[in-house]
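Student: My structure is stored as target13.cif, with mmCIF, C-alpha atoms and all ligand atoms.
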data_data
loop_
_atom_site.label_atom_id
_atom_site.label_comp_id
_atom_site.auth_asym_id
_atom_site.auth_seq_id
_atom_site.Cartn_x
_atom_site.Cartn_y
_atom_site.Cartn_z
CA MET A 1 1.49 -1.90 -28.43
CA ALA A 2 0.03 0.75 -26.14
CA ILE A 3 -3.11 0.04 -24.18
CA THR A 4 -5.57 2.55 -22.88
CA LEU A 5 -6.94 1.68 -19.49
CA PRO A 6 -9.22 1.46 -17.48
CA LEU A 7 -10.82 1.27 -19.59
CA ASN A 8 -11.02 3.53 -22.55
CA ASP A 9 -12.17 6.35 -20.28
CA PHE A 10 -8.85 8.17 -20.44
CA PRO A 11 -7.57 7.91 -24.00
CA GLU A 12 -4.91 10.53 -23.34
CA LEU A 13 -3.19 8.22 -20.87
CA SER A 14 -1.85 5.26 -22.75
CA LEU A 15 0.46 2.76 -21.14
CA ASP A 16 2.83 0.10 -22.33
CA PRO A 17 1.44 -3.11 -20.79
CA SER A 18 4.83 -4.80 -20.95
CA ARG A 19 6.36 -2.16 -18.68
CA LEU A 20 3.89 -1.96 -15.84
CA PRO A 21 5.29 -2.08 -12.31
CA ARG A 22 5.02 -5.44 -10.58
CA HIS A 23 4.50 -3.79 -7.22
CA VAL A 24 2.96 -0.38 -6.50
CA ALA A 25 3.03 0.91 -2.92
CA ILE A 26 0.92 3.88 -1.87
CA VAL A 27 1.09 6.27 1.08
CA MET A 28 -2.54 7.39 1.17
CA ASP A 29 -2.28 10.87 2.63
CA GLY A 30 -4.52 13.92 2.80
CA ASN A 31 -7.87 12.62 4.02
CA GLY A 32 -7.96 15.17 6.83
CA ARG A 33 -7.12 18.13 4.58
CA TRP A 34 -9.65 16.99 1.99
CA ALA A 35 -12.33 17.07 4.69
CA ARG A 36 -11.23 20.36 6.27
CA ARG A 37 -11.37 22.15 2.93
CA ARG A 38 -15.01 21.13 2.70
CA GLY A 39 -15.90 21.91 6.29
CA LEU A 40 -16.35 18.19 6.99
CA SER A 41 -15.05 16.03 9.82
CA ARG A 42 -11.73 14.21 9.42
CA ASN A 43 -13.65 10.96 9.59
CA GLU A 44 -15.63 11.95 6.51
CA GLY A 45 -12.29 12.34 4.75
CA HIS A 46 -11.32 8.81 5.77
CA ARG A 47 -14.70 7.52 4.59
CA ARG A 48 -14.11 9.06 1.18
CA GLY A 49 -10.60 7.66 1.29
CA LYS A 50 -12.12 4.20 1.46
CA ASP A 51 -13.86 4.85 -1.88
CA SER A 52 -10.48 5.70 -3.39
CA VAL A 53 -9.10 2.43 -2.04
CA ARG A 54 -11.81 0.53 -3.86
CA ALA A 55 -11.29 2.50 -7.09
CA VAL A 56 -7.52 2.05 -7.07
CA VAL A 57 -7.68 -1.66 -6.22
CA GLU A 58 -10.14 -2.21 -9.07
CA ALA A 59 -8.08 -0.21 -11.55
CA ALA A 60 -4.82 -1.92 -10.57
CA ARG A 61 -6.53 -5.27 -10.93
CA GLU A 62 -7.84 -4.39 -14.39
CA LEU A 63 -4.39 -3.25 -15.42
CA GLY A 64 -2.85 -6.49 -14.23
CA ILE A 65 -0.54 -5.08 -11.56
CA PRO A 66 0.35 -8.13 -9.46
CA TYR A 67 1.10 -6.42 -6.12
CA LEU A 68 -0.40 -3.34 -4.50
CA THR A 69 0.51 -2.27 -0.98
CA LEU A 70 -1.60 0.32 0.80
CA PHE A 71 -0.13 2.09 3.83
CA ALA A 72 -3.38 2.35 5.75
CA PHE A 73 -2.21 2.89 9.32
CA SER A 74 1.30 3.53 10.56
CA ALA A 75 2.83 2.41 13.84
CA GLU A 76 2.85 6.12 14.75
CA ASN A 77 -0.83 6.66 13.89
CA TRP A 78 -1.77 5.14 17.29
CA GLN A 79 -0.89 8.57 18.71
CA ARG A 80 -3.95 10.13 17.07
CA PRO A 81 -7.05 10.85 19.19
CA SER A 82 -8.80 7.62 20.15
CA SER A 83 -12.01 8.74 18.42
CA GLU A 84 -10.16 8.89 15.08
CA VAL A 85 -8.25 5.65 15.70
CA ASN A 86 -11.50 3.88 16.57
CA PHE A 87 -13.21 5.23 13.48
CA LEU A 88 -10.35 4.04 11.26
CA MET A 89 -10.41 0.58 12.85
CA GLN A 90 -14.15 0.37 12.16
CA LEU A 91 -13.59 1.55 8.61
CA PHE A 92 -10.96 -1.14 7.96
CA HIS A 93 -13.32 -3.69 9.50
CA ARG A 94 -16.21 -2.58 7.32
CA TYR A 95 -14.01 -2.55 4.22
CA LEU A 96 -12.97 -6.16 4.77
CA VAL A 97 -16.52 -7.33 5.50
CA THR A 98 -18.09 -5.57 2.53
CA GLU A 99 -15.29 -6.20 0.01
CA THR A 100 -14.61 -9.92 0.51
CA LYS A 101 -17.15 -11.02 -2.10
CA ARG A 102 -15.79 -8.57 -4.66
CA LEU A 103 -12.19 -9.56 -3.87
CA MET A 104 -13.06 -13.23 -4.35
CA LYS A 105 -14.76 -12.50 -7.65
CA ARG A 106 -11.72 -10.65 -8.91
CA GLY A 107 -9.20 -13.19 -7.67
CA ILE A 108 -7.57 -10.78 -5.22
CA ARG A 109 -5.56 -12.07 -2.30
CA ILE A 110 -5.32 -9.95 0.84
CA LEU A 111 -2.19 -9.86 2.99
CA ALA A 112 -1.64 -7.95 6.20
CA LEU A 113 1.71 -6.31 6.96
CA GLY A 114 2.72 -4.81 10.28
CA ASP A 115 2.12 -5.34 13.97
CA THR A 116 -1.43 -6.64 13.58
CA GLU A 117 -1.37 -7.93 17.19
CA ARG A 118 -2.06 -4.33 18.22
CA LEU A 119 -5.29 -4.16 16.24
CA PRO A 120 -8.63 -4.54 18.06
CA PRO A 121 -9.65 -8.24 18.38
CA ARG A 122 -12.70 -7.88 16.11
CA LEU A 123 -10.61 -6.38 13.31
CA ARG A 124 -7.86 -8.95 13.82
CA GLU A 125 -10.44 -11.68 13.49
CA VAL A 126 -11.96 -10.41 10.25
CA LEU A 127 -8.51 -9.68 8.87
CA ALA A 128 -7.41 -13.26 9.56
CA GLU A 129 -10.64 -14.55 7.99
CA THR A 130 -10.12 -12.43 4.87
CA VAL A 131 -6.48 -13.47 4.53
CA THR A 132 -7.50 -17.13 4.80
CA ALA A 133 -10.52 -16.82 2.50
CA THR A 134 -8.50 -15.09 -0.21
CA GLN A 135 -5.21 -17.01 0.11
CA GLY A 136 -5.84 -19.08 -3.00
CA ASN A 137 -6.54 -16.03 -5.19
CA ALA A 138 -3.83 -15.56 -7.75
CA ALA A 139 -4.75 -12.59 -9.96
CA MET A 140 -3.41 -9.92 -7.62
CA THR A 141 -2.16 -9.38 -4.08
CA VAL A 142 -3.29 -6.38 -2.05
CA ALA A 143 -1.17 -5.93 1.06
CA LEU A 144 -2.66 -3.77 3.78
CA ALA A 145 -0.01 -2.17 5.95
CA LEU A 146 -1.70 -1.80 9.33
CA SER A 147 0.20 -0.65 12.39
CA TYR A 148 3.24 -0.83 10.13
CA GLY A 149 6.55 0.91 10.65
CA GLY A 150 9.60 0.48 8.42
CA ARG A 151 12.07 0.73 11.30
CA GLN A 152 10.05 -1.72 13.41
CA ASP A 153 10.11 -4.09 10.43
CA VAL A 154 13.92 -3.89 10.29
CA VAL A 155 14.14 -4.35 14.09
CA ASN A 156 11.91 -7.45 13.96
CA ALA A 157 13.91 -8.89 11.07
CA THR A 158 17.16 -8.29 12.99
CA ARG A 159 15.79 -10.08 16.04
CA GLN A 160 14.69 -13.00 13.93
CA ILE A 161 18.11 -13.29 12.31
CA ALA A 162 19.90 -12.89 15.68
CA ARG A 163 17.80 -15.73 17.11
CA ALA A 164 18.75 -17.97 14.20
CA VAL A 165 22.42 -17.15 14.78
CA ALA A 166 22.12 -17.71 18.54
CA ALA A 167 20.46 -21.07 17.90
CA GLY A 168 23.39 -22.06 15.68
CA LYS A 169 21.15 -22.26 12.62
CA LEU A 170 22.74 -19.39 10.75
CA ASN A 171 26.36 -18.39 10.28
CA PRO A 172 26.76 -14.56 10.53
CA ASP A 173 28.90 -14.68 7.39
CA ASP A 174 25.92 -16.09 5.50
CA ILE A 175 23.76 -13.05 6.28
CA ASP A 176 23.19 -11.35 2.95
CA GLN A 177 20.50 -9.11 1.47
CA GLY A 178 18.35 -12.15 0.70
CA VAL A 179 18.40 -13.28 4.35
CA ILE A 180 17.32 -9.81 5.48
CA ASP A 181 14.70 -9.63 2.74
CA ARG A 182 13.16 -12.91 3.83
CA ALA A 183 13.05 -11.82 7.47
CA LEU A 184 11.02 -8.69 6.66
CA THR A 185 7.23 -8.73 6.79
CA THR A 186 7.21 -8.35 2.99
CA SER A 187 9.00 -11.69 2.56
CA GLY A 188 7.95 -13.28 -0.72
CA MET A 189 6.83 -10.00 -2.27
CA PRO A 190 8.90 -8.19 -4.90
CA ASP A 191 10.28 -4.80 -3.86
CA PRO A 192 8.02 -1.93 -4.91
CA ASP A 193 8.82 -0.59 -8.38
CA LEU A 194 6.77 2.52 -7.73
CA LEU A 195 5.92 4.39 -4.54
CA ILE A 196 3.10 6.91 -4.74
CA ARG A 197 2.49 9.47 -2.01
CA THR A 198 -0.49 11.75 -2.23
CA SER A 199 -1.20 15.18 -0.72
CA GLY A 200 2.06 16.97 -1.53
CA GLU A 201 4.13 15.67 1.38
CA LEU A 202 7.65 14.69 0.31
CA ARG A 203 8.48 12.11 2.95
CA ILE A 204 8.72 8.34 3.41
CA SER A 205 7.29 8.61 6.97
CA ASN A 206 8.66 5.30 8.21
CA PHE A 207 7.03 3.29 5.43
CA PHE A 208 9.15 0.68 3.65
CA LEU A 209 12.85 1.43 4.18
CA PHE A 210 14.96 -1.55 3.09
CA GLN A 211 12.44 -2.34 0.35
CA LEU A 212 12.58 1.09 -1.31
CA ALA A 213 16.27 1.00 -2.30
CA TYR A 214 15.56 1.27 -6.06
CA THR A 215 11.90 2.23 -6.05
CA GLU A 216 10.77 5.08 -8.29
CA LEU A 217 9.15 7.79 -6.15
CA TYR A 218 6.07 9.67 -7.34
CA PHE A 219 4.63 12.54 -5.35
CA THR A 220 1.37 14.24 -6.23
CA ASP A 221 -0.51 17.15 -4.67
CA THR A 222 -3.80 15.28 -5.14
CA LEU A 223 -5.36 14.44 -1.78
CA TRP A 224 -6.11 10.74 -1.28
CA PRO A 225 -9.94 11.03 -1.48
CA ASP A 226 -9.49 12.57 -4.94
CA PHE A 227 -7.01 9.94 -6.10
CA ARG A 228 -8.90 7.65 -8.46
CA GLU A 229 -8.34 5.78 -11.76
CA ARG A 230 -7.10 8.82 -13.67
CA GLU A 231 -4.52 9.70 -11.02
CA LEU A 232 -3.27 6.12 -10.89
CA LEU A 233 -2.87 6.12 -14.66
CA SER A 234 -0.98 9.42 -14.49
CA ALA A 235 1.39 7.95 -11.92
CA LEU A 236 1.94 4.87 -14.07
CA ALA A 237 2.53 7.01 -17.16
CA ALA A 238 5.13 9.02 -15.21
CA TYR A 239 6.72 5.76 -14.05
CA GLN A 240 7.01 4.58 -17.64
CA MET A 241 8.96 7.73 -18.52
CA ARG A 242 11.64 6.89 -15.95
CA ASP A 243 14.97 5.41 -16.91
CA ARG A 244 15.63 2.72 -14.29
CA ARG A 245 19.32 1.95 -14.15
CA PHE A 246 19.74 0.34 -10.71
CA GLY A 247 23.14 1.99 -10.44
CA ALA A 248 24.32 0.72 -13.82
CA LEU A 249 24.40 2.55 -17.14
CA SER A 250 21.50 2.62 -19.58
CA PRO A 251 22.04 0.51 -22.65
CA GLY A 252 23.02 2.56 -25.70
C1 LIG B 1 -3.72 9.84 6.03
O1 LIG B 1 -4.46 11.02 5.89
C2 LIG B 1 -4.60 8.69 6.05
C3 LIG B 1 -4.71 7.79 7.06
C4 LIG B 1 -3.92 7.86 8.31
C5 LIG B 1 -5.67 6.69 6.98
C6 LIG B 1 -5.76 5.97 5.67
C7 LIG B 1 -7.08 5.35 5.62
C8 LIG B 1 -7.88 5.31 4.56
C9 LIG B 1 -7.48 5.78 3.23
C10 LIG B 1 -9.23 4.76 4.74
C11 LIG B 1 -9.57 3.50 4.05
C12 LIG B 1 -8.51 2.47 4.02
C13 LIG B 1 -8.74 1.17 3.82
C14 LIG B 1 -7.62 0.21 3.68
C15 LIG B 1 -10.10 0.62 3.67
P1 LIG B 1 -4.42 12.08 7.07
O2 LIG B 1 -5.54 11.79 7.98
O3 LIG B 1 -3.07 12.07 7.72
O4 LIG B 1 -4.65 13.39 6.28
P2 LIG B 1 -4.08 14.84 6.66
O5 LIG B 1 -2.59 14.74 6.58
O6 LIG B 1 -4.66 15.70 5.59
O7 LIG B 1 -4.58 15.17 8.02
#
Output the file's structure in the form of structure tokens.
Ligand code: FPP

Tutor:
Amino acid sequence: MAITLPLNDFPELSLDPSRLPRHVAIVMDGNGRWARRRGLSRNEGHRRGKDSVRAVVEAARELGIPYLTLFAFSAENWQRPSSEVNFLMQLFHRYLVTETKRLMKRGIRILALGDTERLPPRLREVLAETVTATQGNAAMTVALALSYGGRQDVVNATRQIARAVAAGKLNPDDIDQGVIDRALTTSGMPDPDLLIRTSGELRISNFFLFQLAYTELYFTDTLWPDFRERELLSALAAYQMRDRRFGALSPG
């Protein structure tokens, strides 16, 4: 049976609820271009981007997608001007403070991925509080990738595994994909079924690397501040058209 979500606003986009992705990961790109086209500051683009975050989280929750990862700040984004970095840190802070009640009401658990030690103390504090406050929520997990880099993730996992080997706790011959998977920051999460990147860029940009092995990739020209419920549904509809074979042959 097809469902039309969320919710009945877009009857042309019907989805099969039994074939929704378990994990959607999004590279939220294009805030700066969205703002420039309107003669606004880059920060205004980020502010509008926050509204898209809320809309997409709500829609994914209504749809029943169990995991959503948002690439909010890359390890390389620290190279941006400090005024923009500071604004983004404040924006993340404000998002967590203002959204906690709503997240609790909707049963959403927040996780943080990445080198969060680099974040400003005030943001780290509220992030830790939100992660703790929401840890018992079971309807959906929203992972915020903050100061995240895919290569750094692999490096950290390698160090962790090497330490276990050096300590005699792990035999090198027992290192398999599962061991690596559990050493990554995404340990315990399923691999993304669908990766969405907005703004027309066709790159992974050091987001998940190991985790994307069989992920379906979806690129759209829509800039992140314009990416709302309809665009998410379009991405999911495109995903449902894909034939996922994982290297095998399709049945029939
Ligand atoms: C990329 O657009 C976007 C970012 C580096 C920041 C993402 C942040 C948000 C969407 C704000 C809200 C997020 C949360 C989690 C509350 P860009 O600045 O690189 O755009 P451009 O390529 O057009 O310059």

Student: What are the closest atom pairs, with distances in Å to one decimal, for all residues of chain A lying within 7 Å of ligand LIG 1 (chain B)? Consider all atoms listed in the file, order rows by chain and residue number, and present the result as a Markdown table.

Tutor:
| residue | atom | partner | partner_atom | distance |
| --- | --- | --- | --- | --- |
| A:Met28 | CA | B:LIG1 | C2 | 5.5 |
| A:Asp29 | CA | B:LIG1 | C1 | 3.8 |
| A:Gly30 | CA | B:LIG1 | O6 | 3.3 |
| A:Asn31 | CA | B:LIG1 | O4 | 4.0 |
| A:Gly32 | CA | B:LIG1 | O6 | 3.6 |
| A:Arg33 | CA | B:LIG1 | O6 | 3.6 |
| A:Trp34 | CA | B:LIG1 | O6 | 6.3 |
| A:Arg42 | CA | B:LIG1 | O2 | 6.8 |
| A:His46 | CA | B:LIG1 | C10 | 4.7 |
| A:Arg47 | CA | B:LIG1 | C10 | 6.1 |
| A:Gly49 | CA | B:LIG1 | C9 | 4.1 |
| A:Lys50 | CA | B:LIG1 | C11 | 3.7 |
| A:Val53 | CA | B:LIG1 | C13 | 6.0 |
| A:Leu70 | CA | B:LIG1 | C14 | 6.7 |
| A:Ala72 | CA | B:LIG1 | C6 | 4.3 |
| A:Phe73 | CA | B:LIG1 | C4 | 5.4 |
| A:Asn77 | CA | B:LIG1 | C4 | 6.5 |
| A:Leu88 | CA | B:LIG1 | C7 | 6.6 |
| A:Leu91 | CA | B:LIG1 | C15 | 6.1 |
| A:Phe92 | CA | B:LIG1 | C15 | 4.7 |
| A:Tyr95 | CA | B:LIG1 | C15 | 5.1 |
| A:Leu144 | CA | B:LIG1 | C14 | 6.4 |
| A:Trp224 | CA | B:LIG1 | C9 | 6.8 |

Student: So, counting only C-alpha atoms, which residue among A:Val126, A:Val24, A:Leu194, A:Leu236 is closest to A:Pro66?

Tutor: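 The closest residue to A:Pro66 is A:Val24.
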
Student: Hey, which of A:Gly168, A:Gly150, A:Gly178, A:Pro190 ends up closest to A:Ser74? Count only C-alpha atoms.

Tutor: A:Gly150

Student: Can you check which parts of stretch 155-201 of chain A lie within 12 Å of stretch 99-123 of chain A? Per residue, the shortest pair of atoms and distance in Å to one decimal, counting only C-alpha atoms, sorted by chain and number, as a tab-separated table.

Tutor:
residue	atom	partner	partner_atom	distance
A:Asn156	CA	A:Asp115	CA	10.0
A:Ala157	CA	A:Gly114	CA	11.9
A:Leu184	CA	A:Leu113	CA	9.6
A:Thr185	CA	A:Leu113	CA	6.0
A:Thr186	CA	A:Leu113	CA	7.1
A:Ser187	CA	A:Leu113	CA	10.1
A:Gly188	CA	A:Leu111	CA	11.3
A:Met189	CA	A:Leu111	CA	10.4

Student: Give the answer as one residue: which of A:Ser52, A:Ser147, A:Ser250, A:Thr69 has the shortest atom-to-atom distance to A:Leu232, using all atoms listed in the file?

Tutor: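 Ranked by minimum distance to A:Leu232, first place goes to A:Ser52.
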
Student: Which is closer to A:Leu195 than all the others in A:Arg182, A:Arg80, A:Arg94, A:Arg22, using all atoms listed in the file?

Tutor: A:Arg22

Student: Using all atoms listed in the file, find the one residue out of A:Leu223, A:Ala166, A:Val154, A:Ile161 that sits nearest to A:Arg37.

Tutor: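 Of A:Leu223, A:Ala166, A:Val154, A:Ile161, the one nearest A:Arg37, counting all atoms listed in the file, is A:Leu223.
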
Student: Quick one: pull the distance between atom CA of A:Tyr148 and atom CA of A:Phe71, Å, one decimal.

Tutor: 7.7 Å

Student: Taking all atoms of stretch 132-142 of chain A that appear in the file, build a box with edges along x, y and z, extend it by 4 Å on every side, and state its centre and edge lengths in Å to one decimal, as JSON.

Tutor:
{"center_x": -6.3, "center_y": -12.7, "center_z": -2.6, "size_x": 16.4, "size_y": 20.7, "size_z": 22.8}
